$ cat upload23.pdb   # PDB, C-alpha atoms
ATOM      1  CA  MET A  19      71.691  80.361 -45.501  1.00  0.00           C
ATOM      2  CA  GLN A  20      75.412  80.751 -46.170  1.00  0.00           C
ATOM      3  CA  ASP A  21      74.766  80.505 -49.869  1.00  0.00           C
ATOM      4  CA  LEU A  22      72.153  83.256 -49.570  1.00  0.00           C
ATOM      5  CA  PHE A  23      74.631  85.470 -47.724  1.00  0.00           C
ATOM      6  CA  ARG A  24      77.298  84.883 -50.377  1.00  0.00           C
ATOM      7  CA  SER A  25      74.864  86.034 -53.060  1.00  0.00           C
ATOM      8  CA  PHE A  26      73.556  89.092 -51.238  1.00  0.00           C
ATOM      9  CA  TRP A  27      76.370  90.144 -48.878  1.00  0.00           C
ATOM     10  CA  TRP A  28      76.473  93.569 -50.526  1.00  0.00           C
ATOM     11  CA  MET A  29      72.990  94.272 -49.140  1.00  0.00           C
ATOM     12  CA  VAL A  30      74.703  94.678 -45.757  1.00  0.00           C
ATOM     13  CA  PHE A  31      75.764  98.180 -46.853  1.00  0.00           C
ATOM     14  CA  PRO A  32      72.413  99.714 -47.874  1.00  0.00           C
ATOM     15  CA  LEU A  33      70.620  97.995 -44.972  1.00  0.00           C
ATOM     16  CA  SER A  34      73.233  99.227 -42.476  1.00  0.00           C
ATOM     17  CA  TRP A  35      72.856 102.690 -43.915  1.00  0.00           C
ATOM     18  CA  PHE A  36      69.074 102.599 -43.448  1.00  0.00           C
ATOM     19  CA  VAL A  37      69.468 101.474 -39.832  1.00  0.00           C
ATOM     20  CA  PHE A  38      72.202 104.060 -39.218  1.00  0.00           C
ATOM     21  CA  ASP A  39      70.185 106.910 -40.734  1.00  0.00           C
ATOM     22  CA  GLY A  40      67.063 105.889 -38.819  1.00  0.00           C
ATOM     23  CA  TYR A  41      69.055 105.858 -35.592  1.00  0.00           C
ATOM     24  CA  HIS A  42      70.411 109.359 -36.334  1.00  0.00           C
ATOM     25  CA  ARG A  43      66.932 110.697 -37.029  1.00  0.00           C
ATOM     26  CA  TRP A  44      65.665 109.160 -33.802  1.00  0.00           C
ATOM     27  CA  LEU A  45      68.451 110.880 -31.849  1.00  0.00           C
ATOM     28  CA  ALA A  46      67.708 114.203 -33.617  1.00  0.00           C
ATOM     29  CA  ASP A  47      64.050 113.851 -32.672  1.00  0.00           C
ATOM     30  CA  ARG A  48      64.964 113.203 -29.030  1.00  0.00           C
ATOM     31  CA  ALA A  49      67.294 116.228 -29.008  1.00  0.00           C
ATOM     32  CA  ARG A  50      64.503 118.421 -30.369  1.00  0.00           C
ATOM     33  CA  ARG A  51      62.050 117.096 -27.772  1.00  0.00           C
ATOM     34  CA  ASP A  52      64.559 117.886 -25.015  1.00  0.00           C
ATOM     35  CA  ALA A  53      64.809 121.474 -26.310  1.00  0.00           C
ATOM     36  CA  VAL A  54      61.000 121.776 -26.351  1.00  0.00           C
ATOM     37  CA  GLU A  55      60.846 120.518 -22.750  1.00  0.00           C
ATOM     38  CA  LEU A  56      63.282 123.236 -21.744  1.00  0.00           C
ATOM     39  CA  LEU A  57      61.216 125.840 -23.599  1.00  0.00           C
ATOM     40  CA  LYS A  58      58.192 124.699 -21.565  1.00  0.00           C
ATOM     41  CA  THR A  59      60.138 125.414 -18.382  1.00  0.00           C
ATOM     42  CA  TYR A  60      60.835 128.948 -19.584  1.00  0.00           C
ATOM     43  CA  ALA A  61      57.201 129.391 -20.633  1.00  0.00           C
ATOM     44  CA  LYS A  62      55.886 128.218 -17.239  1.00  0.00           C
ATOM     45  CA  SER A  63      58.118 130.653 -15.409  1.00  0.00           C
ATOM     46  CA  GLY A  64      56.959 133.452 -17.741  1.00  0.00           C
ATOM     47  CA  ARG A  65      60.469 134.238 -18.914  1.00  0.00           C
ATOM     48  CA  GLU A  66      61.816 134.785 -22.386  1.00  0.00           C
ATOM     49  CA  PRO A  67      63.872 131.779 -23.603  1.00  0.00           C
ATOM     50  CA  PRO A  68      67.414 132.461 -24.877  1.00  0.00           C
ATOM     51  CA  ALA A  69      67.772 132.976 -28.632  1.00  0.00           C
ATOM     52  CA  GLU A  70      70.224 130.050 -28.808  1.00  0.00           C
ATOM     53  CA  LEU A  71      67.543 127.705 -27.501  1.00  0.00           C
ATOM     54  CA  LEU A  72      64.979 128.898 -30.060  1.00  0.00           C
ATOM     55  CA  ALA A  73      67.548 128.547 -32.814  1.00  0.00           C
ATOM     56  CA  ARG A  74      68.014 124.942 -31.746  1.00  0.00           C
ATOM     57  CA  LEU A  75      64.473 124.157 -32.911  1.00  0.00           C
ATOM     58  CA  ASP A  76      65.430 125.086 -36.483  1.00  0.00           C
ATOM     59  CA  ALA A  77      68.434 122.769 -36.440  1.00  0.00           C
ATOM     60  CA  ARG A  78      68.025 119.634 -38.545  1.00  0.00           C
TER      61      ARG A  78
ATOM     62  CA  MET B  14      81.074  79.292 -40.779  1.00  0.00           C
ATOM     63  CA  GLU B  15      84.859  79.544 -40.724  1.00  0.00           C
ATOM     64  CA  ASP B  16      84.846  79.524 -44.498  1.00  0.00           C
ATOM     65  CA  LEU B  17      82.332  82.373 -44.497  1.00  0.00           C
ATOM     66  CA  PHE B  18      84.535  84.388 -42.161  1.00  0.00           C
ATOM     67  CA  ARG B  19      87.587  83.798 -44.383  1.00  0.00           C
ATOM     68  CA  SER B  20      85.640  85.151 -47.348  1.00  0.00           C
ATOM     69  CA  PHE B  21      84.110  88.176 -45.652  1.00  0.00           C
ATOM     70  CA  TRP B  22      86.514  89.106 -42.840  1.00  0.00           C
ATOM     71  CA  TRP B  23      86.993  92.552 -44.351  1.00  0.00           C
ATOM     72  CA  LEU B  24      83.327  93.371 -43.686  1.00  0.00           C
ATOM     73  CA  ILE B  25      84.371  93.813 -40.042  1.00  0.00           C
ATOM     74  CA  PHE B  26      85.929  97.183 -40.916  1.00  0.00           C
ATOM     75  CA  PRO B  27      82.965  98.971 -42.529  1.00  0.00           C
ATOM     76  CA  LEU B  28      80.508  97.454 -40.042  1.00  0.00           C
ATOM     77  CA  SER B  29      82.706  98.493 -37.109  1.00  0.00           C
ATOM     78  CA  TRP B  30      82.669 102.012 -38.493  1.00  0.00           C
ATOM     79  CA  PHE B  31      78.860 102.034 -38.400  1.00  0.00           C
ATOM     80  CA  VAL B  32      78.846 100.802 -34.794  1.00  0.00           C
ATOM     81  CA  PHE B  33      81.582 103.208 -33.705  1.00  0.00           C
ATOM     82  CA  ASP B  34      79.897 106.224 -35.287  1.00  0.00           C
ATOM     83  CA  ALA B  35      76.537 105.282 -33.777  1.00  0.00           C
ATOM     84  CA  TYR B  36      78.153 105.091 -30.333  1.00  0.00           C
ATOM     85  CA  GLN B  37      79.872 108.452 -30.852  1.00  0.00           C
ATOM     86  CA  SER B  38      76.546 110.021 -31.870  1.00  0.00           C
ATOM     87  CA  TRP B  39      74.948 108.625 -28.715  1.00  0.00           C
ATOM     88  CA  LEU B  40      77.699 110.161 -26.557  1.00  0.00           C
ATOM     89  CA  ARG B  41      77.293 113.555 -28.272  1.00  0.00           C
ATOM     90  CA  TYR B  42      73.536 113.363 -27.775  1.00  0.00           C
ATOM     91  CA  ARG B  43      74.105 112.773 -24.051  1.00  0.00           C
ATOM     92  CA  VAL B  44      76.384 115.842 -23.826  1.00  0.00           C
ATOM     93  CA  ASN B  45      73.645 117.879 -25.515  1.00  0.00           C
ATOM     94  CA  ARG B  46      71.028 116.523 -23.089  1.00  0.00           C
ATOM     95  CA  ASP B  47      73.209 117.282 -20.080  1.00  0.00           C
ATOM     96  CA  THR B  48      73.711 120.857 -21.338  1.00  0.00           C
ATOM     97  CA  LEU B  49      69.934 121.325 -21.642  1.00  0.00           C
ATOM     98  CA  ASP B  50      69.433 119.850 -18.149  1.00  0.00           C
ATOM     99  CA  LEU B  51      71.913 122.342 -16.739  1.00  0.00           C
ATOM    100  CA  ILE B  52      70.196 125.260 -18.480  1.00  0.00           C
ATOM    101  CA  LYS B  53      66.892 123.957 -17.101  1.00  0.00           C
ATOM    102  CA  THR B  54      68.335 124.068 -13.590  1.00  0.00           C
ATOM    103  CA  TYR B  55      69.278 127.722 -14.120  1.00  0.00           C
ATOM    104  CA  ALA B  56      65.815 128.463 -15.562  1.00  0.00           C
ATOM    105  CA  GLU B  57      64.027 126.844 -12.612  1.00  0.00           C
ATOM    106  CA  ALA B  58      66.178 128.816 -10.179  1.00  0.00           C
ATOM    107  CA  GLY B  59      65.200 132.015 -12.021  1.00  0.00           C
ATOM    108  CA  ARG B  60      68.775 132.800 -12.985  1.00  0.00           C
ATOM    109  CA  GLU B  61      70.316 133.557 -16.353  1.00  0.00           C
ATOM    110  CA  PRO B  62      72.528 130.711 -17.633  1.00  0.00           C
ATOM    111  CA  PRO B  63      76.129 131.763 -18.410  1.00  0.00           C
ATOM    112  CA  PRO B  64      76.771 132.754 -22.055  1.00  0.00           C
ATOM    113  CA  GLU B  65      79.411 130.006 -22.366  1.00  0.00           C
ATOM    114  CA  LEU B  66      76.732 127.419 -21.625  1.00  0.00           C
ATOM    115  CA  LEU B  67      74.326 128.945 -24.142  1.00  0.00           C
ATOM    116  CA  ALA B  68      77.134 129.033 -26.701  1.00  0.00           C
ATOM    117  CA  LYS B  69      77.222 125.230 -26.402  1.00  0.00           C
ATOM    118  CA  LEU B  70      73.753 125.192 -27.947  1.00  0.00           C
ATOM    119  CA  ASN B  71      75.165 126.686 -31.144  1.00  0.00           C
ATOM    120  CA  GLN B  72      77.034 123.455 -31.625  1.00  0.00           C
ATOM    121  CA  ARG B  73      74.680 120.930 -33.153  1.00  0.00           C
ATOM    122  CA  TRP B  74      74.667 117.675 -31.214  1.00  0.00           C
ATOM    123  CA  ASN B  75      75.317 115.611 -34.353  1.00  0.00           C
ATOM    124  CA  GLU B  76      77.869 117.909 -35.942  1.00  0.00           C
ATOM    125  CA  GLY B  77      81.026 116.361 -34.562  1.00  0.00           C
ATOM    126  CA  GLU B  78      83.899 117.776 -32.596  1.00  0.00           C
ATOM    127  CA  GLY B  79      84.883 121.421 -32.723  1.00  0.00           C
ATOM    128  CA  GLY B  80      81.618 123.297 -32.856  1.00  0.00           C
ATOM    129  CA  GLU B  81      82.091 127.033 -32.885  1.00  0.00           C
ATOM    130  CA  ASP B  82      85.124 126.842 -30.672  1.00  0.00           C
ATOM    131  CA  ASP B  83      87.716 126.175 -33.357  1.00  0.00           C
ATOM    132  CA  GLY B  84      87.315 129.661 -34.829  1.00  0.00           C
ATOM    133  CA  ARG B  85      86.067 128.517 -38.242  1.00  0.00           C
ATOM    134  CA  PRO B  86      82.589 129.460 -39.448  1.00  0.00           C
ATOM    135  CA  ARG B  87      80.146 126.558 -39.734  1.00  0.00           C
ATOM    136  CA  HIS B  88      79.730 126.781 -43.525  1.00  0.00           C
ATOM    137  CA  ARG B  89      83.501 126.690 -43.992  1.00  0.00           C
ATOM    138  CA  ARG B  90      83.812 123.598 -41.823  1.00  0.00           C
ATOM    139  CA  ARG B  91      81.006 121.995 -43.814  1.00  0.00           C
ATOM    140  CA  ARG B  92      82.797 122.701 -47.105  1.00  0.00           C
ATOM    141  CA  GLN B  93      86.081 121.351 -45.782  1.00  0.00           C
ATOM    142  CA  ARG B  94      84.359 118.211 -44.550  1.00  0.00           C
ATOM    143  CA  GLY B  95      82.711 117.888 -47.979  1.00  0.00           C
ATOM    144  CA  TRP B  96      86.064 118.047 -49.784  1.00  0.00           C
ATOM    145  CA  TYR B  97      87.497 115.576 -47.293  1.00  0.00           C
ATOM    146  CA  GLN B  98      84.727 113.122 -48.182  1.00  0.00           C
ATOM    147  CA  VAL B  99      85.248 113.676 -51.920  1.00  0.00           C
ATOM    148  CA  VAL B 100      88.944 112.771 -51.628  1.00  0.00           C
ATOM    149  CA  LEU B 101      88.362 109.912 -49.179  1.00  0.00           C
ATOM    150  CA  PHE B 102      85.692 108.165 -51.270  1.00  0.00           C
ATOM    151  CA  ALA B 103      87.588 108.779 -54.531  1.00  0.00           C
ATOM    152  CA  THR B 104      90.717 107.192 -53.054  1.00  0.00           C
ATOM    153  CA  LEU B 105      88.728 104.232 -51.767  1.00  0.00           C
ATOM    154  CA  CYS B 106      87.080 103.913 -55.193  1.00  0.00           C
ATOM    155  CA  ALA B 107      90.508 103.862 -56.868  1.00  0.00           C
ATOM    156  CA  GLY B 108      91.749 101.216 -54.422  1.00  0.00           C
ATOM    157  CA  PHE B 109      88.729  98.956 -54.876  1.00  0.00           C
ATOM    158  CA  THR B 110      88.864  99.430 -58.665  1.00  0.00           C
ATOM    159  CA  TYR B 111      92.487  98.294 -58.616  1.00  0.00           C
ATOM    160  CA  GLY B 112      91.511  95.310 -56.455  1.00  0.00           C
ATOM    161  CA  SER B 113      88.721  94.460 -58.872  1.00  0.00           C
ATOM    162  CA  VAL B 114      90.873  94.750 -62.018  1.00  0.00           C
ATOM    163  CA  THR B 115      93.661  92.610 -60.513  1.00  0.00           C
ATOM    164  CA  ASP B 116      91.099  90.156 -59.011  1.00  0.00           C
ATOM    165  CA  LEU B 117      92.556  90.682 -55.543  1.00  0.00           C
ATOM    166  CA  TYR B 118      91.725  87.799 -53.115  1.00  0.00           C
ATOM    167  CA  GLU B 119      89.815  86.309 -56.089  1.00  0.00           C
ATOM    168  CA  ALA B 120      86.980  88.712 -55.261  1.00  0.00           C
ATOM    169  CA  GLY B 121      87.030  90.878 -58.383  1.00  0.00           C
ATOM    170  CA  PRO B 122      83.235  91.157 -58.969  1.00  0.00           C
ATOM    171  CA  ALA B 123      82.568  91.878 -55.284  1.00  0.00           C
ATOM    172  CA  LEU B 124      85.237  94.578 -55.155  1.00  0.00           C
ATOM    173  CA  LEU B 125      83.775  96.129 -58.309  1.00  0.00           C
ATOM    174  CA  ILE B 126      80.430  96.650 -56.520  1.00  0.00           C
ATOM    175  CA  VAL B 127      82.226  98.297 -53.594  1.00  0.00           C
ATOM    176  CA  ALA B 128      84.144 100.493 -56.077  1.00  0.00           C
ATOM    177  CA  PHE B 129      80.827 101.590 -57.644  1.00  0.00           C
ATOM    178  CA  VAL B 130      79.448 102.491 -54.209  1.00  0.00           C
ATOM    179  CA  MET B 131      82.583 104.451 -53.278  1.00  0.00           C
ATOM    180  CA  GLY B 132      82.572 106.254 -56.641  1.00  0.00           C
ATOM    181  CA  ALA B 133      78.919 107.184 -56.199  1.00  0.00           C
ATOM    182  CA  LEU B 134      79.584 108.522 -52.691  1.00  0.00           C
ATOM    183  CA  SER B 135      82.525 110.571 -53.974  1.00  0.00           C
ATOM    184  CA  LEU B 136      80.466 112.061 -56.800  1.00  0.00           C
ATOM    185  CA  ALA B 137      77.557 112.791 -54.466  1.00  0.00           C
ATOM    186  CA  SER B 138      79.912 114.551 -52.031  1.00  0.00           C
ATOM    187  CA  LEU B 139      81.402 116.553 -54.917  1.00  0.00           C
ATOM    188  CA  VAL B 140      77.960 117.699 -56.091  1.00  0.00           C
ATOM    189  CA  SER B 141      77.058 118.577 -52.501  1.00  0.00           C
ATOM    190  CA  VAL B 142      80.163 120.775 -52.135  1.00  0.00           C
ATOM    191  CA  LEU B 143      79.724 122.442 -55.536  1.00  0.00           C
ATOM    192  CA  VAL B 144      76.060 123.360 -55.064  1.00  0.00           C
ATOM    193  CA  ASP B 145      76.613 124.579 -51.495  1.00  0.00           C
ATOM    194  CA  ARG B 146      75.704 128.259 -51.809  1.00  0.00           C
ATOM    195  CA  SER B 147      76.934 129.363 -48.409  1.00  0.00           C
ATOM    196  CA  PRO B 148      79.204 132.416 -48.485  1.00  0.00           C
ATOM    197  CA  LYS B 149      82.863 131.608 -49.011  1.00  0.00           C
ATOM    198  CA  ALA B 150      85.095 132.390 -46.028  1.00  0.00           C
TER     199      ALA B 150
END
$ encode --input "upload23.pdb" --output "structure tokens"
Amino acid sequence: MQDLFRSFWWMVFPLSWFVFDGYHRWLADRARRDAVELLKTYAKSGREPPAELLARLDAR
Amino acid sequence: MEDLFRSFWWLIFPLSWFVFDAYQSWLRYRVNRDTLDLIKTYAEAGREPPPELLAKLNQRWNEGEGGEDDGRPRHRRRRQRGWYQVVLFATLCAGFTYGSVTDLYEAGPALLIVAFVMGALSLASLVSVLVDRSPKA
């Protein structure tokens, strides 16, 4: 096992990057869902949502 | 195990950076969520949220500190961050190249791989800054 790690230790970097990027995308998805939930609240009350909130949906 | 740690102790630094940045992103996400919750409270009460609160939404949750409050336009901050990354990765590349050439810690080949990665990141950041077509401030 140690020998395997010594040969492929550099794979820690790309694999960490994949995990890190996946985590970021998951957080971005959650943030977008939260914004949509808030838009639903505005829609239910029949009011116009603020432009800043709508712009949030376009954010990456 | 101890021998493995002696050989790869320096991996603690880059891996800690990943963990630290992930934690920071989580904290920023929570601030964003709390802001939306507060706006929701205003919406449910049928009141207009204050403009300062809505201005918080202009700051992307994963964009880092500063937001719109530091007076610099977003595209300018992005360019400055791009140049910062170019210089940072280029300097790291130079350092690891030196370590590789001088066989520092008898880890020349390993340091060469890290130097390649840093050089690639620097070049990628440079291309990103150069092709950024946002208006110059």
$ closest_atom_pairs --input "upload23.pdb" --of "chain B" --to "chain A" --cutoff "9 Å" --atoms "only C-alpha atoms" --output "tab-separated table"
residue	atom	partner	partner_atom	distance
B:Met14	CA	A:Gln20	CA	8.0
B:Leu17	CA	A:Gln20	CA	7.3
B:Ser20	CA	A:Arg24	CA	8.9
B:Phe21	CA	A:Trp27	CA	8.6
B:Leu24	CA	A:Val30	CA	9.0
B:Pro27	CA	A:Phe31	CA	8.4
B:Leu28	CA	A:Ser34	CA	7.9
B:Phe31	CA	A:Phe38	CA	7.0
B:Val32	CA	A:Phe38	CA	8.6
B:Asp34	CA	A:Phe38	CA	8.9
B:Ala35	CA	A:Phe38	CA	7.1
B:Ser38	CA	A:His42	CA	7.6
B:Trp39	CA	A:Leu45	CA	7.6
B:Tyr42	CA	A:Leu45	CA	7.0
B:Asn45	CA	A:Ala49	CA	7.4
B:Arg46	CA	A:Asp52	CA	6.9
B:Leu49	CA	A:Leu56	CA	6.9
B:Asp50	CA	A:Leu56	CA	7.9
B:Ile52	CA	A:Leu56	CA	7.9
B:Lys53	CA	A:Leu56	CA	5.9
B:Ala56	CA	A:Tyr60	CA	6.4
B:Glu57	CA	A:Thr59	CA	7.1
B:Gly59	CA	A:Ser63	CA	8.0
B:Leu67	CA	A:Glu70	CA	6.3
B:Ala68	CA	A:Glu70	CA	7.3
B:Lys69	CA	A:Glu70	CA	8.8
B:Leu70	CA	A:Glu70	CA	6.1
B:Asn71	CA	A:Glu70	CA	6.4
B:Arg73	CA	A:Ala77	CA	7.3
B:Trp74	CA	A:Ala49	CA	7.8
B:Asn75	CA	A:Ala46	CA	7.8
B:Ala123	CA	A:Trp28	CA	7.9
B:Ile126	CA	A:Trp28	CA	7.8
B:Val127	CA	A:Trp28	CA	8.1
$ residues_around --input "upload23.pdb" --residues "Leu136 in chain B" --least-positions-apart "6" --cutoff "9 Å" --atoms "only C-alpha atoms" --output "list in words"
Val99, Phe102 and Ala103 of chain B
$ atom_distance --input "upload23.pdb" --atom1 "CA of Phe18 in chain B" --atom2 "CA of Ser113 in chain B"
20.0 Å
$ resolve_selection --input "upload23.pdb" --expression "the PyMOL selection byres ((chain B and resi 101) around 12)" --output "JSON, numbers by chain"
{"B": [94, 95, 96, 97, 98, 99, 100, 102, 103, 104, 105, 106, 107, 108, 131, 132, 134, 135, 136, 138, 139]}
$ atom_distance --input "upload23.pdb" --atom1 "CA of Tyr111 in chain B" --atom2 "CA of Ala128 in chain B"
9.0 Å
$ atom_distance --input "upload23.pdb" --atom1 "CA of Arg91 in chain B" --atom2 "CA of Ser141 in chain B"
10.1 Å
$ decode --input "upload23.pdb" --residues "range 93-125 of chain B" --atoms "N, CA and C atoms" --output "JSON list (two decimals), in the first residue's frame"
[["chain", "number", "residue", "atom", "x", "y", "z"],
["B", 93, "GLN", "N", -7.75, 41.50, -11.58],
["B", 93, "GLN", "CA", -6.67, 41.60, -10.60],
["B", 93, "GLN", "C", -6.40, 40.25, -9.95],
["B", 94, "ARG", "N", -7.49, 39.51, -9.67],
["B", 94, "ARG", "CA", -7.30, 38.18, -9.09],
["B", 94, "ARG", "C", -6.61, 37.26, -10.08],
["B", 95, "GLY", "N", -6.93, 37.43, -11.39],
["B", 95, "GLY", "CA", -6.29, 36.63, -12.43],
["B", 95, "GLY", "C", -4.78, 36.88, -12.48],
["B", 96, "TRP", "N", -4.39, 38.16, -12.45],
["B", 96, "TRP", "CA", -2.96, 38.49, -12.46],
["B", 96, "TRP", "C", -2.26, 37.98, -11.21],
["B", 97, "TYR", "N", -2.97, 38.05, -10.09],
["B", 97, "TYR", "CA", -2.42, 37.54, -8.83],
["B", 97, "TYR", "C", -2.11, 36.05, -8.97],
["B", 98, "GLN", "N", -3.03, 35.31, -9.59],
["B", 98, "GLN", "CA", -2.81, 33.87, -9.76],
["B", 98, "GLN", "C", -1.67, 33.59, -10.72],
["B", 99, "VAL", "N", -1.56, 34.42, -11.79],
["B", 99, "VAL", "CA", -0.47, 34.24, -12.75],
["B", 99, "VAL", "C", 0.87, 34.33, -12.03],
["B", 100, "VAL", "N", 1.03, 35.40, -11.22],
["B", 100, "VAL", "CA", 2.30, 35.63, -10.52],
["B", 100, "VAL", "C", 2.53, 34.55, -9.47],
["B", 101, "LEU", "N", 1.47, 34.22, -8.72],
["B", 101, "LEU", "CA", 1.62, 33.22, -7.65],
["B", 101, "LEU", "C", 2.08, 31.87, -8.21],
["B", 102, "PHE", "N", 1.38, 31.38, -9.24],
["B", 102, "PHE", "CA", 1.72, 30.06, -9.79],
["B", 102, "PHE", "C", 3.07, 30.09, -10.49],
["B", 103, "ALA", "N", 3.40, 31.21, -11.15],
["B", 103, "ALA", "CA", 4.71, 31.31, -11.81],
["B", 103, "ALA", "C", 5.83, 31.26, -10.78],
["B", 104, "THR", "N", 5.64, 31.96, -9.66],
["B", 104, "THR", "CA", 6.66, 31.95, -8.61],
["B", 104, "THR", "C", 6.81, 30.55, -8.01],
["B", 105, "LEU", "N", 5.67, 29.90, -7.77],
["B", 105, "LEU", "CA", 5.74, 28.53, -7.24],
["B", 105, "LEU", "C", 6.42, 27.60, -8.24],
["B", 106, "CYS", "N", 6.11, 27.79, -9.53],
["B", 106, "CYS", "CA", 6.75, 26.98, -10.58],
["B", 106, "CYS", "C", 8.26, 27.17, -10.55],
["B", 107, "ALA", "N", 8.69, 28.43, -10.43],
["B", 107, "ALA", "CA", 10.14, 28.72, -10.39],
["B", 107, "ALA", "C", 10.77, 28.05, -9.18],
["B", 108, "GLY", "N", 10.10, 28.13, -8.03],
["B", 108, "GLY", "CA", 10.64, 27.52, -6.81],
["B", 108, "GLY", "C", 10.76, 26.01, -6.93],
["B", 109, "PHE", "N", 9.71, 25.37, -7.45],
["B", 109, "PHE", "CA", 9.74, 23.91, -7.58],
["B", 109, "PHE", "C", 10.73, 23.47, -8.66],
["B", 110, "THR", "N", 10.88, 24.31, -9.72],
["B", 110, "THR", "CA", 11.88, 23.98, -10.75],
["B", 110, "THR", "C", 13.29, 24.02, -10.14],
["B", 111, "TYR", "N", 13.54, 25.04, -9.34],
["B", 111, "TYR", "CA", 14.83, 25.13, -8.65],
["B", 111, "TYR", "C", 15.05, 23.90, -7.76],
["B", 112, "GLY", "N", 14.01, 23.54, -7.00],
["B", 112, "GLY", "CA", 14.10, 22.36, -6.13],
["B", 112, "GLY", "C", 14.36, 21.09, -6.92],
["B", 113, "SER", "N", 13.76, 21.01, -8.11],
["B", 113, "SER", "CA", 13.94, 19.83, -8.95],
["B", 113, "SER", "C", 15.36, 19.76, -9.52],
["B", 114, "VAL", "N", 15.84, 20.92, -10.01],
["B", 114, "VAL", "CA", 17.18, 20.97, -10.64],
["B", 114, "VAL", "C", 18.27, 20.65, -9.60],
["B", 115, "THR", "N", 18.09, 21.17, -8.38],
["B", 115, "THR", "CA", 19.10, 20.96, -7.33],
["B", 115, "THR", "C", 18.84, 19.68, -6.52],
["B", 116, "ASP", "N", 17.80, 18.91, -6.94],
["B", 116, "ASP", "CA", 17.44, 17.66, -6.26],
["B", 116, "ASP", "C", 17.24, 17.88, -4.75],
["B", 117, "LEU", "N", 16.46, 18.91, -4.45],
["B", 117, "LEU", "CA", 16.19, 19.27, -3.06],
["B", 117, "LEU", "C", 15.49, 18.11, -2.34],
["B", 118, "TYR", "N", 15.91, 17.80, -1.12],
["B", 118, "TYR", "CA", 15.36, 16.69, -0.30],
["B", 118, "TYR", "C", 15.40, 15.37, -1.07],
["B", 119, "GLU", "N", 16.27, 15.27, -2.07],
["B", 119, "GLU", "CA", 16.40, 14.09, -2.92],
["B", 119, "GLU", "C", 15.05, 13.72, -3.55],
["B", 120, "ALA", "N", 14.29, 14.75, -3.90],
["B", 120, "ALA", "CA", 12.96, 14.52, -4.48],
["B", 120, "ALA", "C", 12.83, 15.25, -5.81],
["B", 121, "GLY", "N", 13.92, 15.27, -6.57],
["B", 121, "GLY", "CA", 13.95, 15.99, -7.84],
["B", 121, "GLY", "C", 12.81, 15.65, -8.79],
["B", 122, "PRO", "N", 12.62, 14.35, -9.14],
["B", 122, "PRO", "CA", 11.55, 14.00, -10.09],
["B", 122, "PRO", "C", 10.16, 14.40, -9.60],
["B", 123, "ALA", "N", 9.93, 14.24, -8.28],
["B", 123, "ALA", "CA", 8.61, 14.59, -7.73],
["B", 123, "ALA", "C", 8.38, 16.09, -7.83],
["B", 124, "LEU", "N", 9.42, 16.86, -7.51],
["B", 124, "LEU", "CA", 9.28, 18.32, -7.56],
["B", 124, "LEU", "C", 9.08, 18.80, -8.99],
["B", 125, "LEU", "N", 9.65, 18.05, -9.95],
["B", 125, "LEU", "CA", 9.49, 18.43, -11.36],
["B", 125, "LEU", "C", 8.01, 18.34, -11.77]]
